[in-house]
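Everything below belongs to entry-v2.cif, which stores mmCIF, C-alpha atoms.
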data_structure
#
loop_
_atom_site.label_atom_id
_atom_site.label_comp_id
_atom_site.auth_asym_id
_atom_site.auth_seq_id
_atom_site.Cartn_x
_atom_site.Cartn_y
_atom_site.Cartn_z
CA MET A 1357 51.40 -3.77 -9.79
CA LYS A 1358 49.52 -1.12 -11.73
CA LYS A 1359 47.48 -3.82 -13.48
CA LEU A 1360 46.57 -5.33 -10.16
CA LEU A 1361 45.37 -2.01 -8.82
CA TRP A 1362 43.27 -1.30 -11.90
CA PHE A 1363 41.76 -4.77 -11.88
CA THR A 1364 40.91 -4.63 -8.19
CA LEU A 1365 39.34 -1.19 -8.66
CA SER A 1366 37.29 -2.47 -11.61
CA VAL A 1367 36.04 -5.47 -9.66
CA TRP A 1368 35.09 -3.19 -6.79
CA LEU A 1369 33.23 -0.80 -9.09
CA LEU A 1370 31.28 -3.60 -10.75
CA ALA A 1371 30.48 -5.58 -7.64
CA THR A 1372 29.46 -2.81 -5.28
CA HIS A 1373 25.77 -2.00 -5.31
CA SER A 1374 25.85 1.36 -3.63
CA TRP A 1375 28.28 4.16 -3.23
CA GLY A 1376 28.56 7.50 -1.62
CA ALA A 1377 27.42 8.68 1.72
CA TYR A 1378 23.88 8.01 2.88
CA PRO A 1379 22.53 10.65 2.98
CA ASP A 1380 24.46 12.48 0.29
CA VAL A 1381 22.43 15.69 0.63
CA ALA A 1382 22.34 18.37 3.29
CA VAL A 1383 20.08 19.02 6.24
CA VAL A 1384 17.54 21.60 5.10
CA ASP A 1385 15.73 21.88 8.42
CA ASN A 1386 17.25 21.01 11.78
CA CYS A 1387 14.08 21.98 13.68
CA THR A 1388 16.16 24.14 16.02
CA ARG A 1389 14.34 27.43 16.49
CA ALA A 1390 11.64 29.08 18.52
CA ASN A 1391 8.32 27.28 18.48
CA GLN A 1392 6.47 28.00 15.25
CA GLY A 1393 4.09 26.55 12.69
CA PRO A 1394 2.27 24.97 11.14
CA PRO A 1395 3.57 25.02 8.56
CA LEU A 1396 7.20 24.58 9.46
CA THR A 1397 9.30 27.42 8.08
CA GLY A 1398 10.30 26.52 4.52
CA HIS A 1399 7.67 23.75 4.37
CA VAL A 1400 4.09 23.43 3.22
CA ASN A 1401 1.48 21.16 4.76
CA ASN A 1402 0.78 18.06 2.69
CA GLY A 1403 -1.94 16.61 4.89
CA GLY A 1404 -4.02 17.33 7.98
CA SER A 1405 -2.95 20.50 9.68
CA GLY A 1406 0.76 20.00 9.03
CA TRP A 1407 3.73 20.08 11.37
CA ARG A 1408 5.18 22.54 13.84
CA VAL A 1409 8.25 23.11 15.98
CA ALA A 1410 7.95 22.44 19.70
CA GLY A 1411 11.03 22.47 21.91
CA ASN A 1412 13.44 22.29 18.96
CA ILE A 1413 11.73 19.18 17.61
CA CYS A 1414 9.51 18.89 14.54
CA ILE A 1415 6.22 17.25 15.47
CA PRO A 1416 2.79 16.71 13.91
CA ASP A 1417 0.47 19.60 14.69
CA SER A 1418 -2.16 17.67 16.63
CA ALA A 1419 -3.66 14.26 17.15
CA GLY A 1420 -6.64 13.02 15.18
CA GLY A 1421 -5.45 13.04 11.61
CA TYR A 1422 -2.65 12.14 9.24
CA HIS A 1423 -0.46 15.23 9.37
CA GLY A 1424 2.12 15.76 6.67
CA THR A 1425 4.79 18.25 5.74
CA SER A 1426 6.90 18.84 2.62
CA TRP A 1427 10.08 20.86 2.26
CA ASN A 1428 8.90 23.42 -0.28
CA THR A 1429 11.79 23.22 -2.76
CA SER A 1430 11.72 20.95 -5.77
CA TYR A 1431 14.74 18.73 -6.42
CA GLY A 1432 15.89 16.14 -8.86
CA PRO A 1433 14.84 14.11 -10.61
CA ASP A 1434 17.90 12.43 -9.07
CA MET A 1435 17.27 13.25 -5.46
CA GLU A 1436 17.26 12.10 -1.90
CA GLY A 1437 15.31 12.71 1.27
CA ALA A 1438 15.97 11.61 4.82
CA ILE A 1439 14.98 12.27 8.41
CA THR A 1440 16.56 11.92 11.81
CA LEU A 1441 14.16 10.26 14.23
CA ASN A 1442 13.56 11.95 17.57
CA GLN A 1443 10.75 9.65 18.65
CA VAL A 1444 9.94 6.20 17.32
CA PRO A 1445 6.30 5.89 16.25
CA ALA A 1446 3.86 3.38 17.67
CA VAL A 1447 3.59 -0.23 16.51
CA GLY A 1448 1.27 -0.68 13.57
CA THR A 1449 1.26 2.95 12.49
CA TYR A 1450 1.77 4.45 9.05
CA ASN A 1451 4.82 6.68 8.63
CA GLY A 1452 5.90 7.57 5.11
CA LEU A 1453 8.91 9.48 3.79
CA PHE A 1454 8.33 10.83 0.27
CA VAL A 1455 10.71 11.61 -2.57
CA ARG A 1456 9.77 12.87 -6.04
CA LEU A 1457 6.45 13.98 -4.54
CA GLN A 1458 4.90 15.68 -7.55
CA THR A 1459 2.85 18.30 -5.71
CA ALA A 1460 4.32 19.68 -2.50
CA ASN A 1461 1.04 20.22 -0.69
CA ASN A 1462 -0.63 16.99 -1.82
CA SER A 1463 0.51 13.78 -0.16
CA GLY A 1464 -1.73 11.88 -2.58
CA SER A 1465 0.24 12.97 -5.63
CA ASP A 1466 2.58 10.57 -7.39
CA ARG A 1467 5.78 9.76 -5.53
CA TYR A 1468 8.13 7.12 -4.20
CA GLU A 1469 7.79 6.40 -0.53
CA LEU A 1470 9.66 4.67 2.24
CA ASP A 1471 7.49 3.44 5.06
CA LEU A 1472 8.82 3.00 8.56
CA VAL A 1473 6.94 0.07 10.05
CA PRO A 1474 7.34 -0.56 13.78
CA VAL A 1475 6.38 -4.17 14.55
CA THR A 1476 5.52 -5.83 17.87
CA GLY A 1477 8.38 -7.59 19.61
CA ALA A 1478 12.09 -6.99 19.73
CA ASN A 1479 14.09 -6.37 16.57
CA ASN A 1480 11.16 -6.90 14.24
CA ASP A 1481 10.78 -3.45 12.68
CA GLU A 1482 10.45 -3.24 8.92
CA LEU A 1483 10.89 -0.88 6.00
CA THR A 1484 8.91 -1.01 2.78
CA VAL A 1485 9.40 0.88 -0.49
CA TRP A 1486 6.41 2.01 -2.51
CA LYS A 1487 5.54 3.65 -5.77
CA CYS A 1488 2.37 5.71 -5.47
CA VAL A 1489 0.68 6.44 -8.78
CA SER A 1490 -2.87 7.70 -9.37
CA SER A 1491 -3.77 7.22 -5.70
CA VAL A 1492 -2.77 3.54 -5.65
CA SER A 1493 0.36 2.48 -3.78
CA THR A 1494 2.26 -0.59 -4.93
CA GLN A 1495 4.99 -2.03 -2.73
CA LEU A 1496 8.21 -2.55 -4.63
CA GLY A 1497 9.92 -5.80 -3.76
CA ALA A 1498 9.92 -7.65 -0.49
CA THR A 1499 9.20 -6.27 2.95
CA TYR A 1500 12.60 -5.50 4.44
CA SER A 1501 13.08 -6.70 7.98
CA LEU A 1502 15.66 -4.51 9.71
CA GLY A 1503 16.73 -7.16 12.20
CA VAL A 1504 16.77 -4.37 14.79
CA ASP A 1505 14.22 -1.86 15.98
CA LEU A 1506 13.95 1.71 14.81
CA ALA A 1507 15.63 3.98 17.34
CA VAL A 1508 15.96 7.59 18.31
CA SER A 1509 18.76 9.26 16.26
CA ASP A 1510 18.33 6.85 13.35
CA VAL A 1511 18.87 8.58 10.03
CA ILE A 1512 16.53 6.99 7.53
CA GLY A 1513 16.15 7.98 3.92
CA LEU A 1514 15.27 7.18 0.36
CA ARG A 1515 17.40 7.86 -2.72
CA ALA A 1516 15.99 7.98 -6.25
CA VAL A 1517 18.56 7.97 -9.04
CA GLY A 1518 17.10 7.31 -12.47
CA THR A 1519 15.06 4.15 -12.03
CA THR A 1520 16.99 2.93 -9.00
CA ILE A 1521 15.29 3.48 -5.67
CA THR A 1522 17.43 2.86 -2.60
CA PRO A 1523 16.32 2.98 1.04
CA PHE A 1524 19.01 3.51 3.63
CA ARG A 1525 19.47 3.64 7.36
CA ASN A 1526 22.34 5.06 9.36
CA GLY A 1527 24.72 5.31 6.43
CA SER A 1528 24.04 1.96 4.80
CA ALA A 1529 21.95 1.12 1.75
CA LEU A 1530 19.47 -1.63 2.58
CA ALA A 1531 18.23 -2.84 -0.79
CA THR A 1532 17.57 -1.43 -4.21
CA ARG A 1533 14.38 -1.40 -6.21
CA THR A 1534 13.94 -0.62 -9.90
CA ASP A 1535 10.96 1.33 -11.16
CA SER A 1536 10.21 4.00 -13.73
CA ALA A 1537 6.70 5.14 -12.82
CA VAL A 1538 7.66 8.45 -11.17
CA SER A 1539 10.44 10.05 -13.16
CA GLY A 1540 10.18 13.81 -12.68
CA ALA A 1541 11.66 16.24 -10.22
CA GLY A 1542 9.73 16.54 -6.98
CA TYR A 1543 9.62 17.28 -3.30
CA VAL A 1544 10.67 15.57 -0.10
CA GLY A 1545 7.90 15.11 2.43
CA PHE A 1546 6.78 13.10 5.40
CA GLN A 1547 3.44 12.04 6.74
CA GLY A 1548 2.69 10.22 9.96
CA ASP A 1549 -0.04 8.37 11.76
CA PRO A 1550 -2.06 10.16 14.46
CA ALA A 1551 -1.70 7.26 16.90
CA THR A 1552 0.67 7.93 19.78
CA PRO A 1553 3.55 7.89 20.11
CA GLN A 1554 3.89 9.76 16.83
CA THR A 1555 6.98 10.23 14.72
CA TYR A 1556 9.08 13.16 15.96
CA ILE A 1557 11.89 14.43 13.79
CA ASN A 1558 15.15 16.23 14.53
CA ALA A 1559 16.24 16.96 10.98
CA PHE A 1560 15.02 16.84 7.41
CA TYR A 1561 17.51 16.17 4.63
CA ALA A 1562 16.63 17.00 1.03
CA GLY A 1563 18.44 17.77 -2.17
CA THR A 1564 19.34 16.98 -5.71
CA LEU A 1565 22.07 14.43 -6.21
CA ALA A 1566 24.44 16.49 -8.32
CA ALA A 1567 25.90 15.04 -11.50
CA ASP A 1568 29.32 14.98 -9.85
CA SER A 1569 28.12 13.56 -6.54
CA SER A 1570 29.53 10.19 -5.64
CA SER A 1571 26.22 8.39 -6.10
CA ASN A 1572 25.77 9.66 -9.65
CA TYR A 1573 29.44 9.45 -10.56
CA PHE A 1574 29.56 5.74 -9.93
CA ARG A 1575 26.18 5.20 -11.51
CA ARG A 1576 27.55 6.64 -14.76
CA ARG A 1577 30.46 4.29 -14.54
CA ILE A 1578 28.30 1.16 -14.65
CA GLN A 1579 25.51 2.12 -17.04
CA MET B 389 51.73 -14.73 -11.68
CA THR B 390 50.73 -13.07 -8.43
CA TYR B 391 49.06 -10.40 -10.52
CA LYS B 392 46.65 -13.00 -11.92
CA ILE B 393 46.01 -15.11 -8.86
CA ILE B 394 45.08 -12.31 -6.46
CA PRO B 395 42.40 -10.68 -8.68
CA ILE B 396 40.83 -14.06 -9.49
CA SER B 397 40.76 -14.93 -5.81
CA LEU B 398 39.15 -11.58 -5.06
CA LEU B 399 36.54 -12.21 -7.72
CA LEU B 400 35.74 -15.69 -6.39
CA LEU B 401 35.51 -14.30 -2.89
CA LEU B 402 33.04 -11.67 -4.07
CA LEU B 403 30.96 -14.29 -5.85
CA CYS B 404 30.84 -16.35 -2.67
CA PHE B 405 29.47 -13.36 -0.77
CA THR B 406 26.87 -12.41 -3.37
CA SER B 407 25.48 -15.86 -4.25
CA PRO B 408 24.40 -18.05 -1.36
CA SER B 409 24.27 -21.66 -2.44
CA LEU B 410 20.54 -22.20 -2.51
CA ALA B 411 18.95 -24.99 -4.44
CA ASP B 412 17.04 -23.23 -7.14
CA LEU B 413 16.09 -20.22 -9.12
CA SER B 414 12.48 -20.27 -10.18
CA TRP B 415 9.99 -18.05 -12.01
CA TRP B 416 6.43 -17.48 -10.85
CA VAL B 417 3.31 -15.50 -11.59
CA GLY B 418 1.05 -14.47 -8.73
CA PRO B 419 -1.65 -12.00 -7.72
CA TYR B 420 -1.37 -8.80 -5.72
CA ASP B 421 -2.49 -8.78 -2.10
CA ARG B 422 -4.21 -5.76 -0.62
CA LYS B 423 -1.98 -3.86 1.79
CA ASP B 424 -3.44 -0.55 2.90
CA ARG B 425 -1.42 1.80 5.07
CA GLY B 426 -3.24 4.42 7.02
CA GLU B 427 -5.46 6.18 4.52
CA ARG B 428 -3.45 4.80 1.58
CA LYS B 429 -4.84 2.18 -0.71
CA GLY B 430 -2.06 -0.23 -1.45
CA ARG B 431 -1.10 -3.62 -2.79
CA VAL B 432 1.90 -5.88 -2.73
CA CYS B 433 2.95 -8.78 -4.93
CA ALA B 434 1.73 -11.87 -3.11
CA ALA B 435 5.27 -13.25 -3.20
CA ASP B 436 5.63 -11.19 -0.03
CA ARG B 437 3.48 -13.74 1.83
CA TYR B 438 6.58 -15.88 2.30
CA THR B 439 9.29 -13.23 2.45
CA ALA B 440 10.20 -14.21 6.01
CA GLN B 441 10.93 -17.77 4.92
CA VAL B 442 12.86 -16.60 1.86
CA HIS B 443 14.99 -14.13 3.76
CA ALA B 444 15.57 -16.52 6.65
CA GLU B 445 17.65 -18.71 4.39
CA GLY B 446 19.38 -15.86 2.56
CA GLY B 447 17.14 -16.02 -0.48
CA GLU B 448 15.50 -13.20 -2.38
CA TRP B 449 12.71 -12.45 -4.79
CA ARG B 450 12.01 -9.53 -7.08
CA GLU B 451 8.93 -8.76 -9.12
CA VAL B 452 7.45 -6.59 -11.83
CA GLU B 453 3.79 -6.07 -12.58
CA ILE B 454 2.26 -7.54 -15.68
CA LEU B 455 -1.09 -7.70 -17.41
CA GLY B 456 -4.02 -9.04 -15.42
CA ASN B 457 -3.21 -7.14 -12.20
CA ARG B 458 -0.57 -9.76 -11.51
CA CYS B 459 3.13 -9.84 -10.85
CA ILE B 460 5.86 -12.03 -12.24
CA PHE B 461 8.70 -12.74 -9.88
CA LYS B 462 12.01 -14.50 -9.84
CA LEU B 463 12.82 -16.39 -6.68
CA ARG B 464 16.12 -17.61 -5.31
CA SER B 465 15.44 -20.08 -2.55
CA SER B 466 15.81 -23.59 -1.27
CA ALA B 467 13.65 -26.41 -2.57
CA ALA B 468 11.75 -26.25 0.73
CA VAL B 469 10.66 -22.66 0.09
CA ILE B 470 9.78 -23.47 -3.50
CA ALA B 471 7.49 -26.13 -2.08
CA ILE B 472 5.77 -23.49 0.08
CA TYR B 473 4.98 -21.35 -2.97
CA ALA B 474 3.96 -24.43 -4.94
CA ALA B 475 1.49 -25.41 -2.25
CA ASP B 476 -0.21 -22.01 -2.53
CA ASN B 477 -2.76 -22.22 -5.32
CA ASP B 478 -2.51 -18.49 -6.02
CA PHE B 479 0.88 -18.96 -7.65
CA ARG B 480 1.79 -20.53 -10.94
CA ARG B 481 5.36 -21.64 -11.49
CA LEU B 482 6.63 -21.15 -15.01
CA PRO B 483 8.38 -24.12 -16.59
CA LYS B 484 12.18 -24.17 -16.42
CA ASN B 485 14.50 -22.33 -14.10
CA SER B 486 16.78 -20.63 -16.62
CA LEU B 487 15.49 -18.16 -19.18
CA ASP B 488 17.68 -19.78 -21.82
CA THR B 489 16.16 -23.24 -21.52
CA LEU B 490 14.06 -24.44 -24.42
CA LEU B 491 10.50 -25.52 -23.74
CA SER B 492 10.96 -28.41 -26.17
CA ASP B 493 10.35 -31.15 -23.62
CA LEU B 494 6.97 -29.83 -22.54
CA THR B 495 4.14 -32.16 -23.41
CA ASN B 496 1.34 -30.89 -25.61
CA PRO B 497 -1.02 -30.57 -22.63
CA GLN B 498 1.66 -28.60 -20.77
CA LYS B 499 2.16 -26.28 -23.74
CA THR B 500 -1.58 -25.80 -24.07
CA ALA B 501 -1.87 -25.06 -20.36
CA LEU B 502 0.89 -22.46 -20.58
CA ARG B 503 -0.72 -20.83 -23.59
CA ASN B 504 -4.09 -20.75 -21.85
CA PHE B 505 -2.48 -19.25 -18.77
CA VAL B 506 -0.99 -16.41 -20.85
CA LEU B 507 -4.37 -15.88 -22.50
CA GLY B 508 -5.91 -15.69 -19.05
CA LEU B 509 -3.62 -12.78 -18.18
CA GLY B 510 -5.35 -10.73 -20.86
CA TYR B 511 -3.31 -11.27 -24.00
CA THR B 512 -5.13 -12.22 -27.18
CA SER B 513 -4.55 -15.25 -29.37
CA GLU B 514 -3.47 -12.89 -32.13
CA GLU B 515 -0.79 -11.35 -29.93
CA ILE B 516 0.51 -14.78 -28.93
CA ASN B 517 0.44 -16.05 -32.50
CA GLN B 518 2.33 -13.00 -33.69
CA ALA B 519 5.01 -13.07 -31.00
CA LEU B 520 5.32 -16.83 -30.56
CA PRO B 521 4.07 -18.45 -33.78
CA ASN B 522 4.01 -22.19 -34.30
CA ASN B 523 5.04 -24.69 -31.66
CA LEU B 524 5.65 -23.21 -28.19
CA GLY B 525 8.28 -25.91 -27.76
CA THR B 526 10.58 -24.14 -30.19
CA TYR B 527 10.94 -21.20 -27.79
CA THR B 528 12.84 -20.61 -24.59
CA LEU B 529 11.45 -19.48 -21.27
CA ARG B 530 13.05 -16.10 -22.07
CA ASP B 531 10.81 -15.74 -25.13
CA VAL B 532 7.71 -16.45 -23.04
CA VAL B 533 8.75 -14.15 -20.17
CA ARG B 534 9.61 -11.34 -22.59
CA PHE B 535 6.11 -11.70 -24.03
CA ILE B 536 4.37 -11.84 -20.67
CA ILE B 537 6.25 -8.82 -19.39
CA LYS B 538 5.95 -6.58 -22.43
CA ARG B 539 2.87 -4.57 -21.49
CA ARG B 540 0.52 -3.91 -18.63
CA HIS B 541 -2.49 -1.82 -17.74
CA ASN B 542 -2.82 1.13 -15.39
CA ILE B 543 -4.10 0.39 -11.91
CA ILE B 544 -6.96 2.29 -10.33
CA TYR B 545 -8.77 2.43 -7.01
CA ASN B 546 -12.53 2.01 -7.20
CA PRO B 547 -14.04 3.72 -4.14
CA ALA B 548 -17.50 2.32 -4.86
CA THR B 549 -16.29 -1.21 -4.28
CA ASN B 550 -13.16 -0.41 -2.27
CA THR B 551 -11.12 -2.47 -4.69
CA ILE B 552 -7.88 -1.93 -6.56
CA GLU B 553 -8.54 -2.82 -10.18
CA GLU B 554 -6.85 -3.03 -13.53
CA GLY B 555 -7.66 -0.11 -15.83
CA VAL B 556 -7.75 -0.19 -19.61
CA GLU B 557 -4.89 2.16 -20.41
CA ASP B 558 -1.97 0.32 -21.99
CA LEU B 559 1.38 1.00 -20.36
CA PRO B 560 4.80 -0.20 -21.44
CA GLY B 561 6.10 -3.23 -19.64
CA TYR B 562 9.51 -4.05 -18.33
CA ASN B 563 12.74 -5.67 -19.39
CA ALA B 564 12.96 -9.40 -18.66
CA GLU B 565 16.71 -9.13 -18.34
CA ASP B 566 16.44 -6.53 -15.56
CA LEU B 567 14.39 -9.01 -13.56
CA GLU B 568 16.75 -11.82 -14.48
CA PHE B 569 19.76 -9.93 -13.13
CA ALA B 570 17.98 -8.55 -10.07
CA VAL B 571 18.05 -11.97 -8.43
CA GLN B 572 20.92 -14.32 -9.12
#
Mind converting the file's structure to structure tokens?
Amino acid sequence: MKKLLWFTLSVWLLATHSWGAYPDVAVVDNCTRANQGPPLTGHVNNGGSGWRVAGNICIPDSAGGYHGTSWNTSYGPDMEGAITLNQVPAVGTYNGLFVRLQTANNSGSDRYELDLVPVTGANNDELTVWKCVSSVSTQLGATYSLGVDLAVSDVIGLRAVGTTITPFRNGSALATRTDSAVSGAGYVGFQGDPATPQTYINAFYAGTLAADSSSNYFRRRIQ
Amino acid sequence: MTYKIIPISLLLLLLCFTSPSLADLSWWVGPYDRKDRGERKGRVCAADRYTAQVHAEGGEWREVEILGNRCIFKLRSSAAVIAIYAADNDFRRLPKNSLDTLLSDLTNPQKTALRNFVLGLGYTSEEINQALPNNLGTYTLRDVVRFIIKRRHNIIYNPATNTIEEGVEDLPGYNAEDLEFAVQ
């Protein structure tokens, strides 16, 4: 019986592509406080005039530009960032979540990025993963069709562990990408399109994936 | 006995879930398409043109960038989707489906065409002769892919022409086996 248990556990470890909770890091900003900003407390602006709190929601400061914000603590290099959506952005807009952003107040610095891509029609929304190096963004792998639409309360994030980049939504990994272009520690940030409706956010998650966290523990087991 | 049967059954079950029975694995080289997002200058491996068709049948593709501002990708799909890529003149299918297959049955014109294609990516004759000396037919597809994938150039945005271009800085390439295992 013991052999059976060990074998089954081994098969599970080898065959499973992702482990641990998504996200596996804490909320660093729940946007619940008196109106303030920009910048948001604990953040720096990474584009336009940044973000602010309005009615316990984090929102872009104003229309007319690409406004971005970064949580001003460096993590990683094994790290994760995520957001909780409070308002789904308009179809055709650009909405990027950054991890390993090399310079907190510069959304053009090297990074990995997860783009939320609302698409016309029902259940057509997409996610795309990018590496952004020297001001050129290269999509990694195929465009990922969610099969559903982005929704209020969705928790959407991007995990970077070593060279494995994993987007996730509502607790489930969606696909993995492999890339080595951006390897250092960095920041978590977000930048959105000025078109309305804009992305509104309830919570920012950010943090280092600790060596003993589940995501890294299992990674060590298979490499 | 039960100890052996149950784990094997579990393994087979897992394999069934992870490997849809599609007709073919194939290897391709293609260009990058421009894909800007907001103010960002971006590009995507042109394999993405037919992602909807690939995913609709449970297939997948994965790419890495190579010399010549191009991408090499491995595709798991039906024969029908392979035909879609084949009909698009921007893509070149590499001979053989498995990396371990010898290129020994390629005709001389086919071997010359493959060599010229690799030269067209930006490699020199000296590099090819050093890595793959003598008859190309004595090598496997793995040897050719390892060569194609071994280095690349940096990529830059040229604001004067609004184009994304290949730079001249040499960068290390990727591991052919990583790409091989990414899509099975």
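Take CA of Phe1454 (chain A) and CA of Glu553 (chain B): the distance between them is 24.1 Å.
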### Message
Taking the file as I've supplied it (selection: the PyMOL selection byres ((chain B) within 6 of (chain A))), which residues are included? Please answer as a VMD selection string.
### Response
chain B and resid 391 425 to 426 429 to 432 436 450
### One-decimal distance in Å that lies between CA of Thr512 (chain B) and CA of Asp421 (chain B)
25.5 Å
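If you look at CA of Thr1484 (chain A) and CA of Leu1457 (chain A), they are 16.9 Å away from each other.
Here the question is which of B:Ala440, B:Tyr545, B:Val571, B:Ala519 gets nearest to Lys462 (chain B) using all atoms listed in the file, and that residue is B:Val571.
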Decode the PyMOL selection byres ((chain B and resi 557) around 12) for the given file into explicit residues and return them as a PDB file with C-alpha atoms, in the coordinates of the input.
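And here is the file that came out, selection29.pdb:
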ATOM      1  CA  LEU B 455      -1.090  -7.700 -17.410  1.00  0.00           C
ATOM      2  CA  ARG B 539       2.870  -4.570 -21.490  1.00  0.00           C
ATOM      3  CA  ARG B 540       0.520  -3.910 -18.630  1.00  0.00           C
ATOM      4  CA  HIS B 541      -2.490  -1.820 -17.740  1.00  0.00           C
ATOM      5  CA  ASN B 542      -2.820   1.130 -15.390  1.00  0.00           C
ATOM      6  CA  ILE B 543      -4.100   0.390 -11.910  1.00  0.00           C
ATOM      7  CA  ILE B 544      -6.960   2.290 -10.330  1.00  0.00           C
ATOM      8  CA  GLU B 553      -8.540  -2.820 -10.180  1.00  0.00           C
ATOM      9  CA  GLU B 554      -6.850  -3.030 -13.530  1.00  0.00           C
ATOM     10  CA  GLY B 555      -7.660  -0.110 -15.830  1.00  0.00           C
ATOM     11  CA  VAL B 556      -7.750  -0.190 -19.610  1.00  0.00           C
ATOM     12  CA  ASP B 558      -1.970   0.320 -21.990  1.00  0.00           C
ATOM     13  CA  LEU B 559       1.380   1.000 -20.360  1.00  0.00           C
ATOM     14  CA  PRO B 560       4.800  -0.200 -21.440  1.00  0.00           C
TER      15      PRO B 560
END
#### Entry: All residues 7 Å or closer to Ile1512 (chain A), only C-alpha atoms, same chain fewer than 6 positions away omitted, as number ranges by chain
A: 1438-1440, 1524-1526
### Query
Can you list, as JSON, numbers by chain, the residues that the PyMOL selection byres ((chain B and resi 572) around 8) selects here?
{"B": [407, 413, 464, 568, 569, 570, 571]}
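In terms of minimum interatomic distance to Glu448 (chain B), A:Ala1531 ranks closest within A:Ala1531, A:Val1508, A:Val1383, A:Ala1516, counting only C-alpha atoms.
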### Message
Which residues are near region 1403-1418 of chain A? Cut-off 9 Å, all atoms listed in the file, ignore same chain within fewer than 3 positions. Put them as a count of residues only.
### Response
34
### Message
Given only C-alpha atoms as the basis, pick out the residue of B:Val417, B:Val442, B:Ala564, B:Ile537 nearest to Ala471 (chain B).
### Response
B:Val442
### Query
Using only C-alpha atoms, which residues sit within 9 Å of Arg534 (chain B) once same-chain residues fewer than 2 positions away are excluded, as a ChimeraX atom specification?
/B:529-532,536-538,562-565
